[in-house]
Every structure is written in structure tokens, then in C-alpha cells.
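*Asks:* Below you will find the structure I want to go over with you.
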Amino acid sequence: MDEKVPRVVIGMDPHKRSVTIEVMTADESVVGGGRFGTDAEGYTRLLAYARQWPERVWAVEGCAGIGKHVADRLVADGEDVVDVPAKMSARVRIFATGQGRKTDATDAHSIALVGVRMSGLRPVINDEQLEVLRMCVDRRRSLGEEHTRKICQLHKLLLELIPGGAKTFLSAAQAKELLKKVRPTTPAGKVRKAHALELTADLATIYARTRPQTRNLKPSSPRPAPR
């Protein structure tokens with residue numbers, strides 16, 4: 001009779017172009033591992049290697065961050081994946097090795113240990129609606145950060161062009177009106193005004209891009225029931 005292949009946890013330390021894995025059984029025996037590329041060929045090799053253990057679950061570090069790209073691919077291919085928080089694997093690594101030295105191999109080992117020892121790890125699921133919401137939130141945050149950076153640059157220039165500068169909460173249209181009254185006579189002043197006008201145009205573009213992202217994050221109004 002063939003010996004039954006044990007259920008395993010595949011701990012994964014993910015990076016952009018490669019992943020390092022360690023395959024561990026329930027009694028914490030290491031039965032496999034390796035490093036694989038994240039391109040199409042490397043990912044195919046990774047799946048083929050893992051399929052020698054029919055009962056498997058992937059424990060991937062940082063499924064909301066650096067591990068997201070590979071975790072999503074695994075889930076799309078029908079694999080069971082759980083998310084291992086980076087702080088949790090770092091804590092296990094220190095306890096397991098007695099020091100915090102990081103290598104891809106030690107990271108994969110600590111991630112596998114978390115997968116074996118810890119219950120209640122968050123399963124990664126393919127939720128299109130949640131993914132759309134996450135992308136909209138990320139885009140809205142990015143636009144907000146860009147707006148803050150450019151409005152600070154604009155205020156600095158306005159302070160050099162207009163005595164006392166401008167009010168704190170300044171729209172692109174208001175800045176444009178203020179700049180119409182500024183007529184610098186020095187070369188440096190003319191460049192400041194030109195840069196301020198460019199920033200004003202940038203802010204108008206950012207505002208136009210922000211409005212649809214903000215709408216996407218608002219709950220849809222319920223449709224009235226038919227009479």
C-alpha cells in the first residue's frame with residue numbers, strides 16, 4: 001500500500017520577481033522548499049512542484065502588500081491561501097532562531113511555522129467587489145497625497161509673489177484669479193509665476209480626477225420600489 005502523502009503548509013516569503021517557499025507537515029517536519037521566479041514559467045514550476053502534496057495550504061506573508069500579486073494568482077487557480085502578517089512571522093523567527101537575522105530561507109521557515117501553529121489566519125478570497133473598492137481607496141489616497149504636495153508648493157510660491165501669501169484653503173480657481181493680478185518684473189519672479197500657474201493647472205486636473213473616485217466610494221442610493 002502506498003504511504004499516504006501528509007497534509008502540508010507551504011510557507012512563502014514573496015518578493016516582486018521571486019518567492020522562496022518551505023513545505024512543512026503538521027509535526028513541523030520540513031519536507032521540501034525552494035526558490036521560484038514569479039514570471040509565467042517560474043509560477044508554472046512552482047505549482048507543479050507543490051502538486052506533489054495534494055493536501056496543501058499556502059501561508060503567504062503580506063497578502064495585502066508584497067504578497068498580494070502571487071496570492072491572488074494562487075487563489076485564481078483554486079489554491080487555498082491564508083495571510084500571514086509580517087509582524088507575526090517576525091516574532092516567530094526570533095523565537096525559532098534566537099535572533100532576528102533575515103534571509104529568504106529563514107523567512108519562509110518562520111512563515112511556514114505560523115501556518116502550522118496558528119489557527120484563525122485570514123483566508124484569501126477572490127472578492128471582485130472588495131478589490132474594486134480597495135483600488136478606488138488607493139487611488140483616492142494617492143490623489144490626496146499629490147494634492148497636498150502640490151498645494152504646499154503653490155503656497156510657497158504665492159508667499160514669494162504676494163505679500164502675506166494666500167489663504168490656507170485655496171482652490172485652483174482662486175489661485176488662478178490671484179495670479180492674474182501678479183505682474184512680476186524680475187526674471188526670478190516671472191519664473192515663480194510660471195511655476196505657480198503650472199501648479200494651479202495640476203491642481204485643477206487632480207480635483208477633476210478626485211471627484212469620480214470620491215463618487216465611487218459613496219454607497220449607491222437605493223432605487224425606489226416600483227409602484
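Every chain in the C-alpha cells has a letter given in the order shown (A, B, ...), and although residue numbers restart at 1 in each chain, ligands are simply numbered from 1 in the order shown.
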Show me, as a PDB file with N, CA and C atoms, in the first residue's frame, the residues that have an atom within 8 Å of His109 of chain A when counting only C-alpha atoms, minus same-chain residues fewer than 3 positions from it.

*Replies:*
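This is the output file part35.pdb:
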```
ATOM      1  N   GLY A  11       4.895  27.521   3.387  1.00  0.00           N
ATOM      2  CA  GLY A  11       5.204  28.894   3.794  1.00  0.00           C
ATOM      3  C   GLY A  11       5.922  29.617   2.680  1.00  0.00           C
ATOM      4  N   ILE A  21       9.953  29.291  -0.801  1.00  0.00           N
ATOM      5  CA  ILE A  21       8.958  28.519  -0.063  1.00  0.00           C
ATOM      6  C   ILE A  21       9.631  27.455   0.802  1.00  0.00           C
ATOM      7  N   GLU A  22       8.898  27.044   1.849  1.00  0.00           N
ATOM      8  CA  GLU A  22       9.280  25.876   2.637  1.00  0.00           C
ATOM      9  C   GLU A  22       8.021  25.070   2.879  1.00  0.00           C
ATOM     10  N   ARG A  93      10.163  34.077  13.940  1.00  0.00           N
ATOM     11  CA  ARG A  93      11.547  33.930  13.501  1.00  0.00           C
ATOM     12  C   ARG A  93      12.514  34.158  14.660  1.00  0.00           C
ATOM     13  N   ALA A 105      15.262  32.225   3.236  1.00  0.00           N
ATOM     14  CA  ALA A 105      15.011  30.874   3.742  1.00  0.00           C
ATOM     15  C   ALA A 105      14.457  30.903   5.166  1.00  0.00           C
ATOM     16  N   THR A 106      15.053  31.740   6.038  1.00  0.00           N
ATOM     17  CA  THR A 106      14.549  31.810   7.415  1.00  0.00           C
ATOM     18  C   THR A 106      13.163  32.437   7.448  1.00  0.00           C
ATOM     19  N   ALA A 112       6.069  29.364   7.438  1.00  0.00           N
ATOM     20  CA  ALA A 112       5.502  28.016   7.483  1.00  0.00           C
ATOM     21  C   ALA A 112       5.141  27.629   8.915  1.00  0.00           C
ATOM     22  N   LEU A 113       5.988  27.990   9.882  1.00  0.00           N
ATOM     23  CA  LEU A 113       5.694  27.697  11.286  1.00  0.00           C
ATOM     24  C   LEU A 113       4.408  28.373  11.735  1.00  0.00           C
TER      25      LEU A 113
END
```

*Asks:* Could you pull out the alpha helix (DSSP H) residues of segment 125-221 of chain A, going by DSSP on the backbone, and write them as a PyMOL selection string?

*Replies:* chain A and resi 128-161+172-180+187-217

*Asks:* Do you know which residues are at most 10 Å from His15 of chain A counting only C-alpha atoms, after dropping those on the same chain fewer than 5 positions away, and could you put them as number ranges by chain?

*Replies:* A: 20, 37-38, 61, 66-70, 104

*Asks:* Out of segment 54-126 of chain A, which residues get strand (DSSP E or B) from DSSP, as a ChimeraX atom specification?

*Replies:* /A:56-61,81-84,122-123

*Asks:* If you count only C-alpha atoms, which residues fall within 9 Å of Val114 of chain A, apart from same-chain ones fewer than 2 positions away, as a PyMOL selection string?

*Replies:* chain A and resi 11+59+84+88-89+92+109-112+116-119+121

*Asks:* Only N, CA and C atoms, please: the residues just picked out, written as a PDB file, in the first residue's frame.

*Replies:*
```pdb
ATOM      1  N   GLY A  11       4.895  27.521   3.387  1.00  0.00           N
ATOM      2  CA  GLY A  11       5.204  28.894   3.794  1.00  0.00           C
ATOM      3  C   GLY A  11       5.922  29.617   2.680  1.00  0.00           C
ATOM      4  N   ALA A  59       0.643  29.416   3.048  1.00  0.00           N
ATOM      5  CA  ALA A  59       0.723  30.501   4.026  1.00  0.00           C
ATOM      6  C   ALA A  59       1.650  31.561   3.432  1.00  0.00           C
ATOM      7  N   VAL A  84      -0.382  35.578   6.276  1.00  0.00           N
ATOM      8  CA  VAL A  84       0.446  35.621   7.475  1.00  0.00           C
ATOM      9  C   VAL A  84       0.954  37.046   7.666  1.00  0.00           C
ATOM     10  N   MET A  88       3.796  38.853  12.762  1.00  0.00           N
ATOM     11  CA  MET A  88       3.671  37.536  13.368  1.00  0.00           C
ATOM     12  C   MET A  88       4.821  36.629  12.943  1.00  0.00           C
ATOM     13  N   SER A  89       5.172  36.646  11.658  1.00  0.00           N
ATOM     14  CA  SER A  89       6.277  35.797  11.197  1.00  0.00           C
ATOM     15  C   SER A  89       7.611  36.290  11.765  1.00  0.00           C
ATOM     16  N   VAL A  92       7.894  34.937  15.301  1.00  0.00           N
ATOM     17  CA  VAL A  92       8.205  33.506  15.290  1.00  0.00           C
ATOM     18  C   VAL A  92       9.659  33.282  14.885  1.00  0.00           C
ATOM     19  N   HIS A 109      10.727  29.759   6.471  1.00  0.00           N
ATOM     20  CA  HIS A 109      10.589  28.808   7.577  1.00  0.00           C
ATOM     21  C   HIS A 109       9.658  29.353   8.656  1.00  0.00           C
ATOM     22  N   SER A 110       9.864  30.616   9.037  1.00  0.00           N
ATOM     23  CA  SER A 110       9.017  31.200  10.083  1.00  0.00           C
ATOM     24  C   SER A 110       7.570  31.348   9.612  1.00  0.00           C
ATOM     25  N   ILE A 111       7.387  31.651   8.325  1.00  0.00           N
ATOM     26  CA  ILE A 111       6.027  31.770   7.781  1.00  0.00           C
ATOM     27  C   ILE A 111       5.331  30.414   7.793  1.00  0.00           C
ATOM     28  N   ALA A 112       6.069  29.364   7.438  1.00  0.00           N
ATOM     29  CA  ALA A 112       5.502  28.016   7.483  1.00  0.00           C
ATOM     30  C   ALA A 112       5.141  27.629   8.915  1.00  0.00           C
ATOM     31  N   VAL A 116       1.486  26.465  10.377  1.00  0.00           N
ATOM     32  CA  VAL A 116       1.248  25.198  11.061  1.00  0.00           C
ATOM     33  C   VAL A 116       0.684  25.419  12.466  1.00  0.00           C
ATOM     34  N   ARG A 117       1.244  26.399  13.161  1.00  0.00           N
ATOM     35  CA  ARG A 117       0.921  26.558  14.581  1.00  0.00           C
ATOM     36  C   ARG A 117      -0.325  27.393  14.853  1.00  0.00           C
ATOM     37  N   MET A 118      -0.593  28.364  14.015  1.00  0.00           N
ATOM     38  CA  MET A 118      -1.638  29.339  14.318  1.00  0.00           C
ATOM     39  C   MET A 118      -2.941  28.990  13.614  1.00  0.00           C
ATOM     40  N   SER A 119      -4.027  29.035  14.365  1.00  0.00           N
ATOM     41  CA  SER A 119      -5.348  28.884  13.764  1.00  0.00           C
ATOM     42  C   SER A 119      -5.970  30.269  13.590  1.00  0.00           C
ATOM     43  N   LEU A 121      -5.972  32.168  10.877  1.00  0.00           N
ATOM     44  CA  LEU A 121      -5.361  33.071   9.894  1.00  0.00           C
ATOM     45  C   LEU A 121      -6.388  33.411   8.814  1.00  0.00           C
TER      46      LEU A 121
END
```

*Asks:* Quick one: pull the distance between atom CA of Leu179 of chain A and atom CA of Ala208 of chain A, Å, one decimal.

*Replies:*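 A separation of 20.7 Å between them.
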
*Asks:* Of the residues A:Leu46, A:Val60, A:Leu130, A:Leu170, which is the one nearest to Thr148 of chain A, using only C-alpha atoms?

*Replies:*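 Among the listed residues, the smallest separation from Thr148 of chain A belongs to A:Leu170.
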
*Asks:* Would you mind listing what lies within 10 Å of segment 184-190 of chain A as a PyMOL selection string, with only C-alpha atoms counted and same-chain residues fewer than 5 positions away left out?

*Replies:* chain A and resi 157+160-162+195-196

*Asks:* Those residues with N, CA and C atoms, as a tab-separated table (two decimals), in the first residue's frame please?

*Replies:*
```tsv
chain	number	residue	atom	x	y	z
A	157	LEU	N	5.24	79.45	-3.33
A	157	LEU	CA	5.45	80.41	-4.41
A	157	LEU	C	4.59	81.65	-4.23
A	160	GLU	N	5.98	84.15	-1.94
A	160	GLU	CA	7.08	84.92	-2.52
A	160	GLU	C	6.59	85.91	-3.56
A	161	LEU	N	5.38	85.68	-4.08
A	161	LEU	CA	4.84	86.56	-5.12
A	161	LEU	C	3.88	87.61	-4.56
A	162	ILE	N	3.18	87.27	-3.48
A	162	ILE	CA	2.15	88.14	-2.91
A	162	ILE	C	2.47	88.38	-1.44
A	195	HIS	N	5.70	78.88	-12.71
A	195	HIS	CA	5.59	77.62	-11.96
A	195	HIS	C	4.29	77.56	-11.17
A	196	ALA	N	3.88	78.69	-10.61
A	196	ALA	CA	2.63	78.73	-9.85
A	196	ALA	C	1.44	78.44	-10.75
```

*Asks:* With distances taken over only C-alpha atoms, which of A:Thr25, A:Thr103, A:Asn126, A:Thr200 is nearest to Ile151 of chain A?

*Replies:*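 Smallest separation from Ile151 of chain A among the options: A:Thr200.
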
*Asks:* How far is it from atom CA of Arg211 of chain A to atom CA of Met135 of chain A, in Å with one decimal?

*Replies:*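 Going from atom CA of Arg211 of chain A over to atom CA of Met135 of chain A, I get 15.1 Å.
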